[in-house]
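For reference, entry_3.cif is printed below; it contains mmCIF, C-alpha atoms and all ligand atoms.
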```cif
data_input
#
loop_
_atom_site.label_atom_id
_atom_site.label_comp_id
_atom_site.auth_asym_id
_atom_site.auth_seq_id
_atom_site.Cartn_x
_atom_site.Cartn_y
_atom_site.Cartn_z
CA MET I 1147 77.86 83.61 70.92
CA GLY I 1148 80.25 85.84 72.89
CA SER I 1149 79.77 89.60 72.73
CA VAL I 1150 82.33 91.73 70.86
CA LYS I 1151 85.06 93.11 73.10
CA LYS I 1152 85.40 96.89 73.42
CA ARG I 1153 88.74 98.31 72.28
CA VAL I 1154 90.37 100.52 74.91
CA VAL I 1155 93.49 102.48 73.98
CA ILE I 1156 95.44 103.86 76.94
CA VAL I 1157 98.08 106.42 75.98
CA GLY I 1158 100.76 106.41 78.69
CA GLY I 1159 102.04 103.43 80.70
CA GLY I 1160 102.85 105.37 83.87
CA THR I 1161 101.11 105.03 87.23
CA GLY I 1162 97.55 105.77 86.10
CA GLY I 1163 97.75 104.03 82.72
CA LEU I 1164 98.98 100.72 84.13
CA VAL I 1165 96.56 100.62 87.09
CA LEU I 1166 93.71 101.12 84.64
CA ALA I 1167 94.99 98.59 82.07
CA ASN I 1168 95.39 95.93 84.76
CA ARG I 1169 91.91 96.54 86.17
CA LEU I 1170 89.96 95.98 82.96
CA PRO I 1171 88.44 92.46 82.67
CA LYS I 1172 89.87 90.46 79.76
CA ASP I 1173 86.53 89.02 78.69
CA GLU I 1174 85.03 92.48 78.11
CA PHE I 1175 87.94 94.54 76.78
CA GLU I 1176 90.80 94.42 74.32
CA VAL I 1177 93.30 96.71 76.00
CA MET I 1178 96.20 98.45 74.27
CA VAL I 1179 98.76 100.50 76.22
CA VAL I 1180 100.94 102.88 74.18
CA ASP I 1181 104.04 104.45 75.68
CA LYS I 1182 106.96 106.22 74.05
CA GLN I 1183 109.40 104.44 76.35
CA PRO I 1184 109.72 100.76 77.31
CA TYR I 1185 109.88 101.55 81.05
CA ASN I 1186 107.61 102.62 83.86
CA TYR I 1187 109.49 105.05 86.10
CA PHE I 1188 108.92 105.39 89.84
CA LEU I 1189 109.36 109.18 89.85
CA PRO I 1190 108.99 109.73 93.64
CA TRP I 1191 112.37 108.04 94.12
CA LEU I 1192 114.13 110.89 92.29
CA LEU I 1193 113.95 112.59 95.70
CA TYR I 1194 116.10 109.88 97.27
CA ILE I 1195 118.61 109.88 94.43
CA ALA I 1196 118.93 113.65 94.80
CA PHE I 1197 119.22 113.86 98.59
CA LYS I 1198 120.39 110.40 99.72
CA GLY I 1199 122.35 109.18 96.68
CA SER I 1200 120.09 106.09 96.54
CA ARG I 1201 121.00 103.48 93.94
CA LYS I 1202 117.69 101.62 94.12
CA PRO I 1203 116.49 101.04 90.53
CA ILE I 1204 113.58 103.33 89.61
CA LYS I 1205 112.43 101.80 86.34
CA ARG I 1206 110.88 98.52 85.24
CA GLU I 1207 109.91 97.26 81.81
CA ILE I 1208 106.25 97.93 81.10
CA THR I 1209 105.87 94.43 79.59
CA THR I 1210 106.61 92.95 83.04
CA LEU I 1211 103.98 95.15 84.70
CA ILE I 1212 100.93 94.32 82.60
CA LYS I 1213 98.60 91.34 82.84
CA PRO I 1214 99.23 88.74 80.08
CA TRP I 1215 96.15 89.79 78.07
CA VAL I 1216 97.09 93.51 77.97
CA ASN I 1217 98.85 94.58 74.75
CA PHE I 1218 101.71 97.05 74.64
CA ILE I 1219 103.09 99.17 71.80
CA GLN I 1220 106.25 101.12 72.39
CA SER I 1221 105.76 104.33 70.44
CA GLY I 1222 105.05 107.97 71.01
CA ALA I 1223 101.55 109.15 70.16
CA ARG I 1224 101.61 112.34 68.07
CA LEU I 1225 97.91 113.00 67.46
CA ILE I 1226 94.76 112.19 69.36
CA ASN I 1227 91.75 112.61 67.15
CA LEU I 1228 88.74 112.62 69.45
CA ASN I 1229 86.29 113.44 66.66
CA ASP I 1230 87.28 110.48 64.49
CA ARG I 1231 88.25 108.21 67.40
CA TYR I 1232 91.85 107.31 66.67
CA VAL I 1233 95.35 107.76 68.09
CA GLU I 1234 98.12 108.39 65.57
CA LEU I 1235 101.54 106.97 66.42
CA GLU I 1236 104.91 108.44 65.46
CA ASN I 1237 105.17 106.12 62.43
CA GLY I 1238 101.79 107.31 61.17
CA LYS I 1239 99.91 104.13 62.18
CA ARG I 1240 96.41 104.80 63.50
CA LEU I 1241 94.81 102.95 66.40
CA GLY I 1242 91.03 103.11 66.45
CA TYR I 1243 89.19 102.79 69.74
CA ASP I 1244 85.83 102.42 71.44
CA TYR I 1245 87.25 104.09 74.55
CA LEU I 1246 90.34 106.23 74.93
CA VAL I 1247 92.19 107.01 78.14
CA VAL I 1248 94.89 109.68 78.13
CA ALA I 1249 97.44 109.01 80.89
CA THR I 1250 100.46 110.84 79.51
CA GLY I 1251 101.50 112.60 82.73
CA ALA I 1252 103.23 115.97 82.78
CA THR I 1253 106.61 117.16 81.58
CA VAL I 1254 108.95 119.98 82.55
CA ASP I 1255 109.47 123.14 80.50
CA TYR I 1256 112.63 125.15 81.22
CA SER I 1257 111.95 127.64 78.40
CA LYS I 1258 109.32 129.44 80.47
CA ILE I 1259 112.03 130.98 82.69
CA PRO I 1260 114.97 132.78 81.03
CA GLY I 1261 118.24 131.34 82.29
CA LEU I 1262 116.69 128.20 83.79
CA SER I 1263 118.26 125.68 81.37
CA LYS I 1264 121.76 126.73 82.40
CA VAL I 1265 120.89 126.51 86.10
CA ILE I 1266 119.49 122.99 85.64
CA ASP I 1267 122.57 122.05 83.67
CA LEU I 1268 124.79 123.16 86.54
CA TYR I 1269 122.84 122.09 89.63
CA GLY I 1270 120.22 119.57 88.38
CA ASN I 1271 116.63 119.09 89.54
CA TYR I 1272 114.63 116.20 90.96
CA HIS I 1273 111.44 116.58 88.90
CA SER I 1274 112.59 115.31 85.52
CA ASN I 1275 114.96 112.34 85.28
CA GLU I 1276 117.70 110.33 86.97
CA GLU I 1277 120.53 112.27 85.34
CA ASN I 1278 119.28 115.56 86.76
CA ALA I 1279 118.59 114.01 90.16
CA TRP I 1280 122.21 112.80 90.30
CA LYS I 1281 123.30 116.38 89.54
CA VAL I 1282 121.41 117.54 92.62
CA TRP I 1283 123.24 114.90 94.66
CA ARG I 1284 126.55 116.26 93.36
CA THR I 1285 125.40 119.82 94.13
CA ILE I 1286 124.62 119.13 97.77
CA ASN I 1287 127.87 117.21 98.12
CA SER I 1288 129.95 120.02 96.68
CA ILE I 1289 128.48 123.05 98.45
CA LYS I 1290 130.58 123.83 101.54
CA GLU I 1291 129.57 127.43 102.20
CA GLY I 1292 127.26 130.18 100.91
CA THR I 1293 123.58 129.95 99.99
CA LEU I 1294 121.74 126.90 98.70
CA ALA I 1295 118.47 128.19 97.24
CA PHE I 1296 115.38 126.10 96.51
CA ILE I 1297 113.03 127.97 94.20
CA LEU I 1298 109.51 126.96 93.27
CA ALA I 1299 109.20 128.32 89.72
CA TYR I 1300 105.54 127.74 88.97
CA GLU I 1301 102.44 126.71 90.82
CA ARG I 1302 101.85 123.60 88.67
CA TYR I 1303 104.26 120.80 89.49
CA ARG I 1304 104.26 117.13 90.48
CA CYS I 1305 103.66 116.25 94.13
CA PRO I 1306 102.77 119.30 96.27
CA PRO I 1307 105.06 118.46 99.24
CA SER I 1308 108.10 117.64 97.06
CA PRO I 1309 109.76 121.12 97.07
CA LEU I 1310 109.79 121.22 100.88
CA GLU I 1311 110.77 117.55 101.13
CA GLY I 1312 113.90 118.49 99.15
CA VAL I 1313 114.58 121.47 101.44
CA LEU I 1314 114.25 119.38 104.61
CA LEU I 1315 116.29 116.45 103.30
CA ALA I 1316 119.04 118.81 102.12
CA ASP I 1317 119.12 120.41 105.57
CA GLU I 1318 119.47 116.97 107.19
CA TYR I 1319 122.25 115.93 104.81
CA LEU I 1320 124.23 119.17 105.17
CA ARG I 1321 124.10 118.74 108.96
CA GLU I 1322 125.34 115.16 108.62
CA MET I 1323 128.22 116.46 106.48
CA GLY I 1324 129.05 119.04 109.15
CA VAL I 1325 128.70 122.05 106.82
CA ARG I 1326 125.22 123.29 107.69
CA ASP I 1327 126.54 126.15 109.85
CA LYS I 1328 128.32 127.55 106.76
CA VAL I 1329 125.53 126.86 104.23
CA LYS I 1330 122.39 128.97 104.38
CA VAL I 1331 119.32 127.09 103.08
CA VAL I 1332 116.65 129.34 101.55
CA TYR I 1333 113.25 128.41 100.15
CA ALA I 1334 111.60 130.87 97.74
CA THR I 1335 107.96 130.47 96.78
CA SER I 1336 105.30 132.56 95.07
CA TYR I 1337 102.80 131.51 97.75
CA PRO I 1338 102.14 133.70 100.80
CA ARG I 1339 103.38 130.96 103.14
CA PRO I 1340 105.83 128.04 102.86
CA TYR I 1341 103.10 125.40 102.40
CA PRO I 1342 100.13 126.69 100.38
CA ALA I 1343 97.39 124.93 102.42
CA GLU I 1344 97.11 126.80 105.73
CA PRO I 1345 96.55 123.80 108.10
CA MET I 1346 99.58 121.97 106.74
CA ASN I 1347 101.55 125.19 106.87
CA GLU I 1348 100.84 125.31 110.61
CA VAL I 1349 102.70 122.00 110.83
CA VAL I 1350 105.51 122.89 108.41
CA GLU I 1351 106.43 126.48 109.27
CA PRO I 1352 107.58 125.80 112.86
CA ILE I 1353 109.72 122.90 111.61
CA LEU I 1354 111.40 125.14 109.02
CA LYS I 1355 112.09 127.74 111.74
CA GLU I 1356 113.45 125.12 114.13
CA ARG I 1357 115.85 123.87 111.41
CA GLY I 1358 117.02 127.38 110.52
CA ILE I 1359 115.62 127.42 106.99
CA GLU I 1360 114.91 130.89 105.59
CA VAL I 1361 111.73 131.38 103.59
CA THR I 1362 111.04 134.07 100.98
CA THR I 1363 107.34 134.30 100.14
CA PHE I 1364 105.65 136.16 97.24
CA PHE I 1365 108.70 135.33 95.12
CA THR I 1366 107.46 134.53 91.60
CA LEU I 1367 110.50 133.48 89.58
CA ASP I 1368 110.91 135.74 86.55
CA SER I 1369 114.44 134.88 85.39
CA ILE I 1370 117.62 133.39 86.79
CA ASP I 1371 121.28 134.09 86.05
CA ALA I 1372 123.62 131.17 86.73
CA ASP I 1373 126.79 133.24 86.07
CA LYS I 1374 125.87 136.01 88.50
CA GLY I 1375 124.19 133.61 90.94
CA VAL I 1376 121.02 135.69 91.16
CA ALA I 1377 117.33 134.80 90.81
CA TYR I 1378 114.95 137.65 89.96
CA SER I 1379 111.30 137.73 90.92
CA VAL I 1380 108.36 139.29 89.11
CA GLU I 1381 107.81 141.28 92.32
CA GLY I 1382 111.23 142.94 91.84
CA GLU I 1383 113.27 141.04 94.43
CA GLU I 1384 116.70 139.48 93.96
CA LEU I 1385 117.84 136.26 95.58
CA LYS I 1386 121.59 135.60 95.57
CA PHE I 1387 122.78 132.00 95.61
CA ASN I 1388 125.85 129.82 95.33
CA ALA I 1389 123.77 126.90 94.10
CA ALA I 1390 120.09 126.79 93.12
CA ILE I 1391 117.72 123.84 92.91
CA VAL I 1392 114.69 124.99 90.93
CA ILE I 1393 111.39 123.09 90.86
CA PRO I 1394 110.73 123.69 87.16
CA PRO I 1395 107.44 124.65 85.48
CA HIS I 1396 105.36 121.62 84.47
CA ILE I 1397 103.24 121.46 81.32
CA GLY I 1398 101.26 118.85 79.39
CA VAL I 1399 103.16 116.58 76.95
CA ASN I 1400 103.51 117.47 73.28
CA ILE I 1401 100.61 115.71 71.54
CA LYS I 1402 98.23 117.37 69.05
CA TYR I 1403 94.53 117.05 69.76
CA ASN I 1404 91.57 117.28 67.45
CA PRO I 1405 89.70 119.33 68.52
CA ASP I 1406 92.40 121.36 70.25
CA ASN I 1407 90.00 123.17 72.56
CA VAL I 1408 90.26 120.26 74.99
CA LEU I 1409 93.65 121.65 76.08
CA ASP I 1410 94.33 124.50 78.52
CA PRO I 1411 97.13 127.02 77.77
CA ASP I 1412 99.73 124.74 79.43
CA GLY I 1413 98.69 121.72 77.35
CA PHE I 1414 96.80 119.92 80.14
CA VAL I 1415 93.59 118.17 79.10
CA LEU I 1416 90.27 119.62 80.29
CA ALA I 1417 88.08 117.08 82.05
CA ASP I 1418 84.99 116.58 84.15
CA LYS I 1419 86.06 116.54 87.80
CA ASP I 1420 83.70 113.72 88.79
CA THR I 1421 84.28 111.22 85.97
CA ASN I 1422 87.52 112.31 84.23
CA ARG I 1423 85.69 112.41 80.88
CA ILE I 1424 87.48 114.72 78.45
CA LYS I 1425 85.44 117.89 77.95
CA GLY I 1426 82.73 117.22 75.38
CA PHE I 1427 83.42 113.49 74.88
CA ASP I 1428 81.66 110.48 76.40
CA ASP I 1429 84.13 107.90 75.14
CA ALA I 1430 87.41 109.59 76.15
CA PHE I 1431 88.97 110.11 79.58
CA VAL I 1432 92.09 111.72 81.00
CA ILE I 1433 93.62 110.57 84.29
CA GLY I 1434 96.55 111.59 86.47
CA ASP I 1435 99.01 114.41 85.85
CA ALA I 1436 97.86 114.93 82.25
CA SER I 1437 94.55 116.44 83.33
CA ALA I 1438 93.91 120.14 83.89
CA LEU I 1439 91.83 119.38 87.00
CA PRO I 1440 92.84 121.44 90.03
CA VAL I 1441 93.85 118.36 92.06
CA ALA I 1442 97.27 117.32 93.35
CA LYS I 1443 99.49 115.85 90.63
CA THR I 1444 100.37 112.63 92.47
CA GLY I 1445 100.51 108.93 91.82
CA VAL I 1446 97.79 108.45 94.43
CA THR I 1447 95.46 110.75 92.45
CA ALA I 1448 96.30 108.88 89.22
CA HIS I 1449 95.63 105.53 90.94
CA LEU I 1450 92.27 106.66 92.38
CA GLN I 1451 91.15 108.21 89.09
CA ALA I 1452 92.13 105.04 87.19
CA THR I 1453 89.96 103.07 89.60
CA VAL I 1454 86.97 105.37 88.99
CA VAL I 1455 87.36 105.17 85.19
CA ALA I 1456 87.70 101.35 85.32
CA LYS I 1457 84.40 101.18 87.23
CA ILE I 1458 82.68 103.48 84.73
CA LEU I 1459 83.95 101.46 81.75
CA THR I 1460 82.68 98.24 83.30
CA GLY I 1461 79.24 99.78 83.66
CA GLY I 1462 79.36 100.65 87.36
CA TYR I 1463 78.69 103.96 89.07
CA ALA I 1464 81.77 105.77 90.35
CA ARG I 1465 82.75 109.36 91.03
CA ASN I 1466 85.98 111.02 92.19
CA THR I 1467 85.98 112.06 95.84
CA GLY I 1468 88.87 114.50 95.36
CA ARG I 1469 90.85 112.57 97.98
CA THR I 1470 94.50 113.58 98.32
CA HIS I 1471 97.04 111.58 100.25
CA CYS I 1472 100.51 112.95 99.52
CA PRO I 1473 103.42 111.54 101.51
CA PHE I 1474 105.67 114.22 103.01
CA ASP I 1475 109.17 113.23 104.14
CA MET I 1476 110.29 115.75 106.75
CA GLY I 1477 113.78 114.36 107.28
CA TYR I 1478 115.19 112.57 110.35
CA GLY I 1479 112.86 109.61 109.78
CA LEU I 1480 109.71 111.72 110.23
CA GLY I 1481 106.82 111.81 107.82
CA THR I 1482 103.30 113.06 107.40
CA PHE I 1483 100.64 113.04 104.68
CA VAL I 1484 98.79 115.93 103.08
CA ILE I 1485 95.22 114.66 103.35
CA SER I 1486 92.01 116.25 102.12
CA ASP I 1487 89.02 115.49 99.90
CA GLY I 1488 86.35 117.34 97.96
CA THR I 1489 84.37 118.14 101.11
CA HIS I 1490 87.09 118.41 103.78
CA GLY I 1491 90.01 120.82 103.74
CA THR I 1492 93.59 119.75 104.46
CA VAL I 1493 94.22 118.08 107.82
CA LYS I 1494 96.75 119.57 110.23
CA TYR I 1495 98.55 116.27 110.48
CA PRO I 1496 101.76 116.35 112.54
CA PRO I 1497 104.70 114.16 111.47
CA ASN I 1498 105.56 110.85 113.09
CA ARG I 1499 107.82 107.89 112.37
CA VAL I 1500 105.04 105.47 111.38
CA ASN I 1501 103.98 107.77 108.54
CA HIS I 1502 107.53 107.76 107.24
CA LEU I 1503 107.43 103.97 107.37
CA PHE I 1504 104.19 104.03 105.34
CA LYS I 1505 105.85 106.17 102.68
CA MET I 1506 108.67 103.64 102.41
CA ALA I 1507 106.18 100.73 102.38
CA PHE I 1508 104.29 102.33 99.48
CA ALA I 1509 107.57 102.80 97.62
CA SER I 1510 108.45 99.11 98.06
CA SER I 1511 104.99 97.97 96.91
CA TYR I 1512 104.64 100.44 94.01
CA TRP I 1513 105.05 98.04 91.07
CA SER I 1514 102.99 95.32 92.71
CA MET I 1515 100.17 97.85 93.22
CA LEU I 1516 100.31 98.73 89.53
CA LYS I 1517 100.19 95.13 88.32
CA TYR I 1518 97.78 93.71 90.90
CA PRO I 1519 95.64 96.66 92.03
CA GLU I 1520 92.78 94.29 92.92
CA LEU I 1521 94.96 92.45 95.46
CA TRP I 1522 95.87 95.70 97.20
CA ASP I 1523 92.30 97.07 97.23
CA PRO I 1524 91.25 95.64 100.65
CA LEU I 1525 94.37 97.03 102.35
CA MET I 1526 94.20 100.37 100.57
CA GLU I 1527 90.48 100.77 101.30
CA ALA I 1528 91.05 100.02 105.01
CA TYR I 1529 94.01 102.41 105.12
CA PHE I 1530 92.19 105.23 103.31
CA ASN I 1531 89.20 104.71 105.55
CA ALA I 1532 91.35 104.86 108.70
CA THR I 1533 93.00 108.07 107.47
CA ALA I 1534 89.84 109.73 106.09
CA PRO I 1535 90.07 113.51 106.50
CA GLU I 1536 86.89 113.76 108.59
CA LYS I 1537 88.33 111.22 111.07
CA LEU I 1538 91.78 112.80 111.30
CA LYS I 1539 90.26 116.28 111.60
CA ASN I 1540 88.51 115.15 114.79
CA ILE I 1541 91.90 114.37 116.26
CA TYR I 1542 94.23 116.99 114.77
CA GLY I 1543 91.97 119.75 113.46
C1 LIG I 1601 110.18 114.19 93.23
C2 LIG I 1601 108.83 113.60 93.10
C3 LIG I 1601 108.23 113.03 94.21
C4 LIG I 1601 106.96 112.48 94.12
N1 LIG I 1601 106.42 111.89 95.22
C5 LIG I 1601 105.21 111.30 95.14
C6 LIG I 1601 104.67 110.59 96.25
O1 LIG I 1601 105.31 110.46 97.30
N2 LIG I 1601 103.44 110.06 96.12
C7 LIG I 1601 102.71 110.15 94.97
O2 LIG I 1601 101.58 109.65 94.92
N3 LIG I 1601 103.20 110.81 93.89
C8 LIG I 1601 104.43 111.38 93.94
N4 LIG I 1601 104.97 112.00 92.84
C9 LIG I 1601 104.12 112.22 91.64
C10 LIG I 1601 103.94 110.98 90.77
O3 LIG I 1601 105.18 110.47 90.36
C11 LIG I 1601 103.10 111.37 89.56
O4 LIG I 1601 102.00 112.15 89.96
C12 LIG I 1601 102.59 110.13 88.84
O5 LIG I 1601 103.66 109.44 88.26
C13 LIG I 1601 101.56 110.52 87.79
O6 LIG I 1601 101.13 109.37 87.10
P1 LIG I 1601 100.60 109.51 85.61
O7 LIG I 1601 100.17 108.15 85.22
O8 LIG I 1601 99.65 110.62 85.50
O9 LIG I 1601 101.88 109.95 84.76
P2 LIG I 1601 103.31 109.27 84.64
O10 LIG I 1601 103.54 108.27 85.70
O11 LIG I 1601 104.27 110.39 84.50
O12 LIG I 1601 103.23 108.46 83.25
C14 LIG I 1601 103.06 109.11 82.02
C15 LIG I 1601 103.51 108.15 80.93
O13 LIG I 1601 103.10 108.71 79.66
C16 LIG I 1601 104.13 108.46 78.72
N5 LIG I 1601 104.04 109.43 77.62
C17 LIG I 1601 104.28 110.76 77.67
N6 LIG I 1601 104.11 111.31 76.44
C18 LIG I 1601 103.76 110.30 75.61
C19 LIG I 1601 103.45 110.24 74.23
N7 LIG I 1601 103.49 111.30 73.43
N8 LIG I 1601 103.15 109.03 73.70
C20 LIG I 1601 103.11 107.91 74.48
N9 LIG I 1601 103.40 107.93 75.80
C21 LIG I 1601 103.71 109.09 76.36
C22 LIG I 1601 105.41 108.62 79.54
O14 LIG I 1601 106.50 107.97 78.91
C23 LIG I 1601 105.01 107.98 80.88
O15 LIG I 1601 105.35 106.62 80.94
C24 LIG I 1601 106.26 112.52 92.88
C25 LIG I 1601 106.87 113.07 91.75
C26 LIG I 1601 108.14 113.60 91.84
C27 LIG I 1601 108.79 114.18 90.62
#
```
Go ahead and express the file in the form of structure tokens.
Ligand SMILES: Cc1cc2nc3c(=O)[nH]c(=O)nc-3n(C[C@H](O)[C@H](O)[C@H](O)COP(=O)(O)OP(=O)(O)OC[C@H]3O[C@@H](n4cnc5c(N)ncnc54)[C@H](O)[C@@H]3O)c2cc1C
Amino acid sequence: MGSVKKRVVIVGGGTGGLVLANRLPKDEFEVMVVDKQPYNYFLPWLLYIAFKGSRKPIKREITTLIKPWVNFIQSGARLINLNDRYVELENGKRLGYDYLVVATGATVDYSKIPGLSKVIDLYGNYHSNEENAWKVWRTINSIKEGTLAFILAYERYRCPPSPLEGVLLADEYLREMGVRDKVKVVYATSYPRPYPAEPMNEVVEPILKERGIEVTTFFTLDSIDADKGVAYSVEGEELKFNAAIVIPPHIGVNIKYNPDNVLDPDGFVLADKDTNRIKGFDDAFVIGDASALPVAKTGVTAHLQATVVAKILTGGYARNTGRTHCPFDMGYGLGTFVISDGTHGTVKYPPNRVNHLFKMAFASSYWSMLKYPELWDPLMEAYFNATAPEKLKNIYG
């Protein structure tokens, strides 16, 4: 007599949710993925829509990205009841579970900064959706003189290098267009240095200087006035601009939780850093951008956490290492990675062309990695081993 399968409900069919769903063995689990939209979006490519005008498709139907035995329901979840073990969908239907995995990512919230909605409406952003990324592309094509400001609004956002990737790609494009000598590019950040982690800043800051990019540090965005073209900081400074690309505040998605003390003030879900278990619950996990853990909000993190949770669910021992591996496009075909883990600080890893190639290779393999994570494991393990922070630190410091 076969044993009864465990019911796993995964809320969110993004990077983390699909890697996990596709890793769970069909003979042990009945897996249900719930997503409010029919598509999985490759969000990193918003950068290349915004700064290269790329027309490469960035979405694929979730039903084509799951193994045949994984079930999919297209619906928003409105309530997660951890006490009574069910997820309530928008139509009121309840899905009971043996194990729950929250993989709902993050979302942007313009209401935190007065004036921000109008600025986004005018100039776009590359942290939300395709429409806004295309607006950025129009912005950098229309500015011919004056100041193009990039402003980091909040310290929680997807992909730590992405604000500076935008700055460097905009600089490259404006040079190509022959207008860079008339357009000042400014980067404003609340951090004390352009890149928050000091070793990576030692790589980045000289490149920004060499490319003539101005940096304003200790600039915590308080409000922004699109009509006057001025951004105001909490510290009392004013930054004048002709166009502004703001990296908007990120928060957790709008789902009610019972109990609600598993959420932090921004709506991210509190979790154990080693196992991703939701605070106080053995049968519920949160992976990827949805968690309140102080780790980089990247697809790589979501993928690694999904792998740890899959091992735990199948009865194995696994713990997060805190490994980060964020691709950093520095323009002109150069790339690096922001690499660290729980026991080693960030590596001072200078850019090269091969790293840029790796970033593009990951982009091309993204959906295959989601559907067949087990096929990519040997390559990924070898690659992560070769680029382990302790090894690179011996070379680069
Ligand atoms: C410009 C940019 C560049 C980036 N570059 C990189 C990079 O180079 N490398 C990298 O690793 N990462 C990068 N990232 C970050 C990466 O895209 C995210 O960290 C990753 O997608 C997080 O995966 P996730 O599974 O946590 O969430 P997501 O992939 O965002 O998936 C969340 C899913 O949950 C669903 N959902 C939300 N609310 C509900 C609800 N109520 N009910 C049901 N479903 C819901 C959503 O529809 C979505 O499908 C970048 C991001 C941006 C914006």
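We find atom O14 of ligand LIG 1601 (chain I) and CA of Gln1183 (chain I) to be spaced 5.2 Å apart.
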Quick one: contact table of region 1280-1340 of chain I to region 1478-1500 of chain I, 12 Å max, nearest atom pair and distance in Å to one decimal per residue, counting only C-alpha atoms, chain and number order, as JSON lines?
```
{"residue": "I:Cys1305", "atom": "CA", "partner": "I:Val1484", "partner_atom": "CA", "distance": 10.2}
{"residue": "I:Pro1306", "atom": "CA", "partner": "I:Val1484", "partner_atom": "CA", "distance": 8.6}
{"residue": "I:Pro1307", "atom": "CA", "partner": "I:Val1484", "partner_atom": "CA", "distance": 7.8}
{"residue": "I:Ser1308", "atom": "CA", "partner": "I:Val1484", "partner_atom": "CA", "distance": 11.2}
{"residue": "I:Glu1311", "atom": "CA", "partner": "I:Gly1481", "partner_atom": "CA", "distance": 9.7}
{"residue": "I:Leu1314", "atom": "CA", "partner": "I:Tyr1478", "partner_atom": "CA", "distance": 9.0}
{"residue": "I:Leu1315", "atom": "CA", "partner": "I:Tyr1478", "partner_atom": "CA", "distance": 8.1}
{"residue": "I:Ala1316", "atom": "CA", "partner": "I:Tyr1478", "partner_atom": "CA", "distance": 11.0}
{"residue": "I:Asp1317", "atom": "CA", "partner": "I:Tyr1478", "partner_atom": "CA", "distance": 10.0}
{"residue": "I:Glu1318", "atom": "CA", "partner": "I:Tyr1478", "partner_atom": "CA", "distance": 6.9}
{"residue": "I:Tyr1319", "atom": "CA", "partner": "I:Tyr1478", "partner_atom": "CA", "distance": 9.6}
{"residue": "I:Arg1321", "atom": "CA", "partner": "I:Tyr1478", "partner_atom": "CA", "distance": 10.9}
{"residue": "I:Glu1322", "atom": "CA", "partner": "I:Tyr1478", "partner_atom": "CA", "distance": 10.6}
```
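Distances from I:Asp1181, I:Asp1412, I:Asp1255, I:Glu1276 to ligand LIG 1601 (chain I) were compared using only C-alpha atoms and all ligand atoms, and the smallest one belongs to I:Asp1181.
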### Message
If we count all atoms listed in the file and set the cut-off at 9 Å, which residues sit around Phe1431 (chain I), ignoring sequence neighbours fewer than 5 positions away in its own chain? Please answer as a list of chain:residue names.
### Response
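Near neighbours after the sequence-gap exclusion: I:Tyr1245, I:Leu1246, I:Val1247, I:Val1248, I:Ala1249, I:Ala1417, I:Asp1418, I:Thr1421, I:Asn1422, I:Arg1423, I:Ile1424, I:Lys1425, I:Val1455.
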### Task
Produce as a VMD selection string the set of residues near ligand LIG 1601 (chain I), where near means within 7 Å with all atoms listed in the file considered.
chain I and resid 1157 to 1163 1180 to 1183 1185 to 1193 1221 to 1224 1249 to 1252 1272 to 1274 1304 to 1305 1308 1399 to 1401 1433 to 1436 1443 to 1448 1472 to 1474 1505
### Within 8 Å of Ile1391 (chain I) using all atoms listed in the file, minus same-chain residues under 3 positions, as number ranges by chain
I: 1265-1266, 1269-1271, 1282, 1294-1297
